[in-house]
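What's in input10.cif: mmCIF, N, CA and C atoms
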```cif
data_target
loop_
_atom_site.label_atom_id
_atom_site.label_comp_id
_atom_site.auth_asym_id
_atom_site.auth_seq_id
_atom_site.Cartn_x
_atom_site.Cartn_y
_atom_site.Cartn_z
N MET U 1 12.15 4.77 23.37
CA MET U 1 11.28 4.20 22.36
C MET U 1 10.36 5.29 21.81
N LEU U 2 10.06 5.17 20.53
CA LEU U 2 9.08 6.05 19.91
C LEU U 2 7.70 5.42 20.10
N GLU U 3 6.72 6.24 20.41
CA GLU U 3 5.39 5.73 20.73
C GLU U 3 4.41 5.86 19.57
N GLY U 4 4.79 6.55 18.50
CA GLY U 4 3.85 6.82 17.42
C GLY U 4 3.47 5.59 16.63
N LYS U 5 2.41 5.75 15.85
CA LYS U 5 1.92 4.69 15.00
C LYS U 5 2.74 4.63 13.71
N ALA U 6 3.04 3.43 13.25
CA ALA U 6 3.76 3.26 11.99
C ALA U 6 2.84 3.67 10.83
N VAL U 7 3.41 4.44 9.91
CA VAL U 7 2.67 4.90 8.74
C VAL U 7 3.42 4.43 7.50
N VAL U 8 2.77 3.62 6.69
CA VAL U 8 3.39 3.09 5.47
C VAL U 8 3.32 4.15 4.38
N ARG U 9 4.48 4.44 3.79
CA ARG U 9 4.52 5.38 2.66
C ARG U 9 4.39 4.64 1.33
N GLU U 10 5.12 3.54 1.19
CA GLU U 10 5.10 2.73 -0.03
C GLU U 10 5.33 1.28 0.36
N SER U 11 4.65 0.36 -0.31
CA SER U 11 4.90 -1.05 -0.06
C SER U 11 4.30 -1.89 -1.17
N ASP U 12 4.97 -2.99 -1.47
CA ASP U 12 4.36 -4.01 -2.33
C ASP U 12 4.39 -5.37 -1.62
N MET U 13 4.65 -5.33 -0.30
CA MET U 13 4.66 -6.54 0.53
C MET U 13 3.25 -7.01 0.84
N PRO U 14 3.07 -8.32 1.00
CA PRO U 14 1.79 -8.80 1.52
C PRO U 14 1.55 -8.22 2.91
N MET U 15 0.30 -8.04 3.27
CA MET U 15 -0.06 -7.40 4.54
C MET U 15 0.55 -8.13 5.74
N GLU U 16 0.60 -9.45 5.69
CA GLU U 16 1.18 -10.23 6.80
C GLU U 16 2.64 -9.85 7.03
N MET U 17 3.40 -9.71 5.96
CA MET U 17 4.81 -9.31 6.08
C MET U 17 4.92 -7.87 6.57
N GLN U 18 4.05 -6.99 6.09
CA GLN U 18 4.06 -5.61 6.54
C GLN U 18 3.84 -5.54 8.05
N ASN U 19 2.86 -6.27 8.52
CA ASN U 19 2.58 -6.28 9.96
C ASN U 19 3.77 -6.82 10.74
N ARG U 20 4.41 -7.85 10.23
CA ARG U 20 5.56 -8.45 10.92
C ARG U 20 6.72 -7.48 10.99
N VAL U 21 7.03 -6.80 9.90
CA VAL U 21 8.19 -5.89 9.91
C VAL U 21 7.93 -4.69 10.82
N MET U 22 6.70 -4.22 10.88
CA MET U 22 6.40 -3.11 11.78
C MET U 22 6.46 -3.56 13.24
N GLU U 23 6.04 -4.78 13.51
CA GLU U 23 6.17 -5.36 14.84
C GLU U 23 7.66 -5.45 15.23
N LEU U 24 8.49 -5.90 14.30
CA LEU U 24 9.94 -5.98 14.56
C LEU U 24 10.55 -4.61 14.78
N ALA U 25 10.06 -3.60 14.07
CA ALA U 25 10.58 -2.24 14.26
C ALA U 25 10.31 -1.78 15.68
N TYR U 26 9.10 -2.04 16.17
CA TYR U 26 8.79 -1.66 17.56
C TYR U 26 9.64 -2.43 18.56
N GLN U 27 9.86 -3.72 18.29
CA GLN U 27 10.73 -4.51 19.17
C GLN U 27 12.14 -3.94 19.18
N ALA U 28 12.65 -3.61 18.00
CA ALA U 28 14.01 -3.06 17.89
C ALA U 28 14.11 -1.72 18.63
N LEU U 29 13.08 -0.91 18.53
CA LEU U 29 13.08 0.38 19.23
C LEU U 29 13.03 0.20 20.74
N ASP U 30 12.39 -0.88 21.19
CA ASP U 30 12.38 -1.19 22.63
C ASP U 30 13.75 -1.65 23.12
N LEU U 31 14.45 -2.40 22.27
CA LEU U 31 15.73 -3.00 22.66
C LEU U 31 16.93 -2.06 22.54
N HIS U 32 16.84 -1.07 21.65
CA HIS U 32 17.98 -0.21 21.34
C HIS U 32 17.62 1.26 21.49
N GLU U 33 18.63 2.07 21.71
CA GLU U 33 18.44 3.52 21.72
C GLU U 33 17.97 3.98 20.35
N VAL U 34 17.10 4.96 20.30
CA VAL U 34 16.61 5.48 19.02
C VAL U 34 17.75 5.98 18.15
N SER U 35 18.81 6.49 18.76
CA SER U 35 19.96 7.00 18.01
C SER U 35 20.83 5.89 17.43
N ASP U 36 20.63 4.65 17.84
CA ASP U 36 21.46 3.52 17.38
C ASP U 36 20.81 2.87 16.16
N CYS U 37 20.77 3.60 15.06
CA CYS U 37 20.10 3.13 13.85
C CYS U 37 20.69 1.83 13.31
N GLN U 38 22.00 1.67 13.42
CA GLN U 38 22.65 0.47 12.90
C GLN U 38 22.15 -0.78 13.63
N SER U 39 22.06 -0.73 14.95
CA SER U 39 21.58 -1.89 15.72
C SER U 39 20.11 -2.17 15.44
N ILE U 40 19.32 -1.14 15.28
CA ILE U 40 17.90 -1.30 14.95
C ILE U 40 17.77 -2.00 13.59
N ALA U 41 18.52 -1.51 12.59
CA ALA U 41 18.48 -2.10 11.26
C ALA U 41 18.97 -3.54 11.28
N ARG U 42 20.05 -3.82 12.00
CA ARG U 42 20.60 -5.17 12.08
C ARG U 42 19.57 -6.14 12.68
N TYR U 43 18.89 -5.71 13.73
CA TYR U 43 17.88 -6.54 14.38
C TYR U 43 16.77 -6.93 13.39
N ILE U 44 16.24 -5.95 12.68
CA ILE U 44 15.16 -6.22 11.72
C ILE U 44 15.65 -7.11 10.60
N LYS U 45 16.81 -6.82 10.04
CA LYS U 45 17.38 -7.63 8.95
C LYS U 45 17.56 -9.07 9.37
N GLN U 46 18.16 -9.29 10.55
CA GLN U 46 18.41 -10.66 11.01
C GLN U 46 17.10 -11.43 11.19
N LYS U 47 16.10 -10.78 11.76
CA LYS U 47 14.82 -11.45 11.97
C LYS U 47 14.14 -11.78 10.64
N PHE U 48 14.25 -10.90 9.66
CA PHE U 48 13.65 -11.18 8.35
C PHE U 48 14.44 -12.24 7.60
N ASP U 49 15.77 -12.24 7.71
CA ASP U 49 16.58 -13.30 7.11
C ASP U 49 16.18 -14.66 7.68
N GLU U 50 15.97 -14.73 8.99
CA GLU U 50 15.56 -15.98 9.63
C GLU U 50 14.18 -16.43 9.17
N ALA U 51 13.27 -15.50 9.05
CA ALA U 51 11.88 -15.84 8.73
C ALA U 51 11.65 -16.07 7.23
N TYR U 52 12.32 -15.30 6.38
CA TYR U 52 12.00 -15.31 4.95
C TYR U 52 13.19 -15.59 4.04
N GLY U 53 14.30 -16.09 4.57
CA GLY U 53 15.48 -16.36 3.76
C GLY U 53 16.38 -15.15 3.67
N THR U 54 17.60 -15.38 3.20
CA THR U 54 18.61 -14.32 3.19
C THR U 54 18.39 -13.29 2.08
N SER U 55 19.25 -12.31 2.08
CA SER U 55 19.31 -11.21 1.10
C SER U 55 18.39 -10.04 1.43
N TRP U 56 17.93 -9.94 2.68
CA TRP U 56 17.15 -8.77 3.10
C TRP U 56 18.08 -7.62 3.44
N HIS U 57 17.61 -6.42 3.21
CA HIS U 57 18.35 -5.20 3.53
C HIS U 57 17.43 -4.29 4.33
N CYS U 58 18.02 -3.57 5.28
CA CYS U 58 17.24 -2.68 6.13
C CYS U 58 18.02 -1.38 6.34
N VAL U 59 17.36 -0.28 6.08
CA VAL U 59 17.94 1.04 6.29
C VAL U 59 17.03 1.76 7.28
N VAL U 60 17.64 2.33 8.32
CA VAL U 60 16.89 3.04 9.34
C VAL U 60 17.55 4.39 9.58
N GLY U 61 16.77 5.45 9.64
CA GLY U 61 17.33 6.77 9.90
C GLY U 61 16.28 7.84 9.91
N LYS U 62 16.75 9.07 10.04
CA LYS U 62 15.83 10.21 10.11
C LYS U 62 15.69 10.95 8.79
N ASP U 63 16.68 10.84 7.93
CA ASP U 63 16.64 11.56 6.66
C ASP U 63 17.65 10.94 5.72
N PHE U 64 17.19 10.20 4.72
CA PHE U 64 18.11 9.58 3.78
C PHE U 64 17.45 9.45 2.42
N GLY U 65 18.26 9.33 1.41
CA GLY U 65 17.79 9.08 0.06
C GLY U 65 18.29 7.72 -0.39
N CYS U 66 17.63 7.15 -1.39
CA CYS U 66 18.07 5.84 -1.87
C CYS U 66 17.52 5.59 -3.27
N CYS U 67 18.13 4.64 -3.92
CA CYS U 67 17.67 4.14 -5.21
C CYS U 67 18.00 2.65 -5.21
N ILE U 68 16.98 1.80 -5.27
CA ILE U 68 17.21 0.37 -5.11
C ILE U 68 16.47 -0.44 -6.18
N SER U 69 16.87 -1.69 -6.32
CA SER U 69 16.11 -2.70 -7.05
C SER U 69 15.76 -3.77 -6.02
N HIS U 70 14.59 -4.37 -6.19
CA HIS U 70 14.16 -5.37 -5.20
C HIS U 70 13.27 -6.40 -5.85
N LEU U 71 13.11 -7.52 -5.17
CA LEU U 71 12.18 -8.54 -5.63
C LEU U 71 10.75 -8.04 -5.46
N CYS U 72 9.90 -8.39 -6.40
CA CYS U 72 8.49 -8.04 -6.28
C CYS U 72 7.93 -8.62 -4.99
N GLY U 73 7.16 -7.82 -4.28
CA GLY U 73 6.52 -8.28 -3.06
C GLY U 73 7.39 -8.23 -1.81
N THR U 74 8.53 -7.53 -1.89
CA THR U 74 9.46 -7.53 -0.76
C THR U 74 9.88 -6.13 -0.32
N PHE U 75 9.15 -5.12 -0.68
CA PHE U 75 9.56 -3.74 -0.40
C PHE U 75 8.57 -3.07 0.54
N ILE U 76 9.11 -2.34 1.52
CA ILE U 76 8.27 -1.49 2.36
C ILE U 76 9.10 -0.29 2.82
N PHE U 77 8.46 0.87 2.83
CA PHE U 77 9.05 2.10 3.34
C PHE U 77 8.01 2.72 4.26
N PHE U 78 8.34 2.83 5.55
CA PHE U 78 7.39 3.38 6.51
C PHE U 78 8.13 4.22 7.53
N HIS U 79 7.37 4.95 8.33
CA HIS U 79 7.98 5.74 9.39
C HIS U 79 7.19 5.60 10.68
N VAL U 80 7.93 5.75 11.76
CA VAL U 80 7.36 5.82 13.10
C VAL U 80 7.87 7.14 13.67
N GLU U 81 6.97 8.11 13.81
CA GLU U 81 7.33 9.47 14.19
C GLU U 81 8.45 9.96 13.26
N ILE U 82 9.65 10.24 13.78
CA ILE U 82 10.72 10.81 12.97
C ILE U 82 11.64 9.77 12.34
N MET U 83 11.48 8.49 12.73
CA MET U 83 12.37 7.43 12.21
C MET U 83 11.76 6.80 10.97
N GLU U 84 12.58 6.66 9.92
CA GLU U 84 12.12 6.03 8.69
C GLU U 84 12.77 4.66 8.55
N PHE U 85 12.03 3.73 7.96
CA PHE U 85 12.46 2.35 7.81
C PHE U 85 12.26 1.93 6.36
N LEU U 86 13.32 1.42 5.75
CA LEU U 86 13.27 0.89 4.39
C LEU U 86 13.74 -0.55 4.46
N ILE U 87 12.89 -1.48 4.08
CA ILE U 87 13.24 -2.89 4.11
C ILE U 87 12.91 -3.47 2.74
N PHE U 88 13.85 -4.25 2.18
CA PHE U 88 13.63 -4.86 0.88
C PHE U 88 14.54 -6.06 0.73
N LYS U 89 14.20 -6.91 -0.22
CA LYS U 89 15.01 -8.09 -0.52
C LYS U 89 15.64 -7.91 -1.89
N ASP U 90 16.93 -8.19 -1.94
CA ASP U 90 17.71 -8.08 -3.17
C ASP U 90 17.31 -9.20 -4.12
N GLY U 91 17.22 -8.90 -5.39
CA GLY U 91 16.77 -9.89 -6.36
C GLY U 91 17.85 -10.45 -7.25
N LYS U 92 19.11 -10.18 -6.96
CA LYS U 92 20.18 -10.60 -7.87
C LYS U 92 20.23 -12.11 -8.10
N ASP U 93 20.09 -12.90 -7.04
CA ASP U 93 20.25 -14.34 -7.20
C ASP U 93 18.94 -15.09 -7.12
N LEU U 94 17.83 -14.38 -7.17
CA LEU U 94 16.55 -15.05 -7.04
C LEU U 94 15.69 -14.82 -8.28
N ASN U 95 14.44 -14.48 -8.12
CA ASN U 95 13.51 -14.38 -9.24
C ASN U 95 13.78 -13.19 -10.14
N GLU U 96 13.04 -12.14 -9.96
CA GLU U 96 13.20 -10.97 -10.80
C GLU U 96 13.01 -9.71 -9.98
N THR U 97 13.67 -8.64 -10.41
CA THR U 97 13.50 -7.37 -9.71
C THR U 97 12.22 -6.71 -10.19
N LYS U 98 11.78 -5.72 -9.45
CA LYS U 98 10.57 -5.00 -9.83
C LYS U 98 10.74 -4.37 -11.21
N GLU U 99 11.90 -3.80 -11.47
CA GLU U 99 12.13 -3.17 -12.76
C GLU U 99 12.03 -4.19 -13.89
N GLU U 100 12.58 -5.39 -13.67
CA GLU U 100 12.50 -6.44 -14.69
C GLU U 100 11.06 -6.88 -14.89
N ALA U 101 10.30 -6.99 -13.80
CA ALA U 101 8.91 -7.39 -13.89
C ALA U 101 8.10 -6.36 -14.67
N ILE U 102 8.36 -5.07 -14.42
CA ILE U 102 7.66 -4.01 -15.15
C ILE U 102 8.01 -4.08 -16.63
N GLY U 103 9.29 -4.32 -16.93
CA GLY U 103 9.72 -4.45 -18.32
C GLY U 103 9.01 -5.58 -19.03
N VAL U 104 8.81 -6.71 -18.37
CA VAL U 104 8.11 -7.85 -18.95
C VAL U 104 6.66 -7.50 -19.19
N MET U 105 6.02 -6.81 -18.25
CA MET U 105 4.61 -6.47 -18.38
C MET U 105 4.39 -5.45 -19.50
N GLN U 106 5.39 -4.63 -19.81
CA GLN U 106 5.23 -3.60 -20.82
C GLN U 106 5.49 -4.11 -22.23
N LYS U 107 6.09 -5.28 -22.35
CA LYS U 107 6.37 -5.82 -23.68
C LYS U 107 5.06 -6.19 -24.37
N ASN U 108 4.97 -5.84 -25.63
CA ASN U 108 3.79 -6.20 -26.43
C ASN U 108 4.14 -7.38 -27.30
N PRO U 109 3.45 -8.50 -27.13
CA PRO U 109 3.74 -9.66 -27.98
C PRO U 109 3.36 -9.35 -29.43
N GLU U 110 4.21 -9.78 -30.33
CA GLU U 110 3.90 -9.57 -31.74
C GLU U 110 3.06 -10.73 -32.24
N ASN U 111 2.21 -10.45 -33.19
CA ASN U 111 1.28 -11.44 -33.73
C ASN U 111 1.88 -12.75 -33.72
#
```
Can I see the file as structure tokens?
Amino acid sequence: MLEGKAVVRESDMPMEMQNRVMELAYQALDLHEVSDCQSIARYIKQKFDEAYGTSWHCVVGKDFGCCISHLCGTFIFFHVEIMEFLIFKDGKDLNETKEEAIGVMQKNPEN
């Protein structure tokens, strides 16, 4: 298990959800080897699917890049020592993605 404190790099999640996902990350690290990123990610995803509905995605690793779309209020990227955690909810079948929300906010209504 990694003993370090979780440090949030980016998030638009409510604080309650942020605390829950970091708690789940620590639980997953207790249950699985640090090198078993797939099992750690699966554990967090399943728990979030149960708590907040389906379509959650979780990426866990030491060094990765990504480009995603997500529902507003469902994104967090944090690390615990050398392990990074990216959790987000897909917006395809639900409300709107962050990019769509930004596009709506940038539109200027005409007289």
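Computed from the coordinates, the CA of Val34 in chain U to CA of Ile76 in chain U distance equals 19.9 Å.
Take atom C of Leu29 in chain U and CA of Gly73 in chain U: the distance between them is 26.1 Å.
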Name the residues that the PyMOL selection byres ((chain U and resi 39-54) around 7) pulls out of this structure, and write them as a CSV table (one decimal) with N, CA and C atoms, in the frame of the given file.
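expr_21.csv, written as the output of this step:
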```csv
chain,number,residue,atom,x,y,z
U,24,LEU,N,8.5,-5.9,14.3
U,24,LEU,CA,9.9,-6.0,14.6
U,24,LEU,C,10.6,-4.6,14.8
U,25,ALA,N,10.1,-3.6,14.1
U,25,ALA,CA,10.6,-2.2,14.3
U,25,ALA,C,10.3,-1.8,15.7
U,28,ALA,N,12.6,-3.6,18.0
U,28,ALA,CA,14.0,-3.1,17.9
U,28,ALA,C,14.1,-1.7,18.6
U,29,LEU,N,13.1,-0.9,18.5
U,29,LEU,CA,13.1,0.4,19.2
U,29,LEU,C,13.0,0.2,20.7
U,32,HIS,N,16.8,-1.1,21.6
U,32,HIS,CA,18.0,-0.2,21.3
U,32,HIS,C,17.6,1.3,21.5
U,36,ASP,N,20.6,4.6,17.8
U,36,ASP,CA,21.5,3.5,17.4
U,36,ASP,C,20.8,2.9,16.2
U,37,CYS,N,20.8,3.6,15.1
U,37,CYS,CA,20.1,3.1,13.8
U,37,CYS,C,20.7,1.8,13.3
U,38,GLN,N,22.0,1.7,13.4
U,38,GLN,CA,22.6,0.5,12.9
U,38,GLN,C,22.2,-0.8,13.6
U,55,SER,N,19.2,-12.3,2.1
U,55,SER,CA,19.3,-11.2,1.1
U,55,SER,C,18.4,-10.0,1.4
U,56,TRP,N,17.9,-9.9,2.7
U,56,TRP,CA,17.2,-8.8,3.1
U,56,TRP,C,18.1,-7.6,3.4
U,57,HIS,N,17.6,-6.4,3.2
U,57,HIS,CA,18.4,-5.2,3.5
U,57,HIS,C,17.4,-4.3,4.3
U,58,CYS,N,18.0,-3.6,5.3
U,58,CYS,CA,17.2,-2.7,6.1
U,58,CYS,C,18.0,-1.4,6.3
U,59,VAL,N,17.4,-0.3,6.1
U,59,VAL,CA,17.9,1.0,6.3
U,59,VAL,C,17.0,1.8,7.3
U,60,VAL,N,17.6,2.3,8.3
U,60,VAL,CA,16.9,3.0,9.3
U,60,VAL,C,17.6,4.4,9.6
U,89,LYS,N,14.2,-6.9,-0.2
U,89,LYS,CA,15.0,-8.1,-0.5
U,89,LYS,C,15.6,-7.9,-1.9
U,90,ASP,N,16.9,-8.2,-1.9
U,90,ASP,CA,17.7,-8.1,-3.2
U,90,ASP,C,17.3,-9.2,-4.1
```
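Atom C of Pro14 in chain U lies 12.4 Å from atom C of Leu71 in chain U.
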Hey, can you pull every residue with an atom no more than 6.5 Å from (3.2, 4.3, 10.9), using all atoms listed in the file, and send it as a PDB file with N, CA and C atoms, keeping the file's coordinate frame?
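Now in part.pdb:
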```pdb
ATOM      1  N   GLY U   4       4.790   6.550  18.500  1.00  0.00           N
ATOM      2  CA  GLY U   4       3.850   6.820  17.420  1.00  0.00           C
ATOM      3  C   GLY U   4       3.470   5.590  16.630  1.00  0.00           C
ATOM      4  N   LYS U   5       2.410   5.750  15.850  1.00  0.00           N
ATOM      5  CA  LYS U   5       1.920   4.690  15.000  1.00  0.00           C
ATOM      6  C   LYS U   5       2.740   4.630  13.710  1.00  0.00           C
ATOM      7  N   ALA U   6       3.040   3.430  13.250  1.00  0.00           N
ATOM      8  CA  ALA U   6       3.760   3.260  11.990  1.00  0.00           C
ATOM      9  C   ALA U   6       2.840   3.670  10.830  1.00  0.00           C
ATOM     10  N   VAL U   7       3.410   4.440   9.910  1.00  0.00           N
ATOM     11  CA  VAL U   7       2.670   4.900   8.740  1.00  0.00           C
ATOM     12  C   VAL U   7       3.420   4.430   7.500  1.00  0.00           C
ATOM     13  N   VAL U   8       2.770   3.620   6.690  1.00  0.00           N
ATOM     14  CA  VAL U   8       3.390   3.090   5.470  1.00  0.00           C
ATOM     15  C   VAL U   8       3.320   4.150   4.380  1.00  0.00           C
ATOM     16  N   PHE U  78       8.340   2.830   5.550  1.00  0.00           N
ATOM     17  CA  PHE U  78       7.390   3.380   6.510  1.00  0.00           C
ATOM     18  C   PHE U  78       8.130   4.220   7.530  1.00  0.00           C
ATOM     19  N   HIS U  79       7.370   4.950   8.330  1.00  0.00           N
ATOM     20  CA  HIS U  79       7.980   5.740   9.390  1.00  0.00           C
ATOM     21  C   HIS U  79       7.190   5.600  10.680  1.00  0.00           C
ATOM     22  N   VAL U  80       7.930   5.750  11.760  1.00  0.00           N
ATOM     23  CA  VAL U  80       7.360   5.820  13.100  1.00  0.00           C
ATOM     24  C   VAL U  80       7.870   7.140  13.670  1.00  0.00           C
ATOM     25  N   GLU U  81       6.970   8.110  13.810  1.00  0.00           N
ATOM     26  CA  GLU U  81       7.330   9.470  14.190  1.00  0.00           C
ATOM     27  C   GLU U  81       8.450   9.960  13.260  1.00  0.00           C
TER      28      GLU U  81
END
```
If you run DSSP on the backbone, which residues of range 22-79 of chain U are helix (DSSP H, G or I), as a ChimeraX atom specification? /U:22-31,37-52
Pick from U:Ile82, U:Phe77, U:Tyr26, U:Gly61 nearest to Arg9 in chain U, counting all atoms listed in the file: U:Phe77
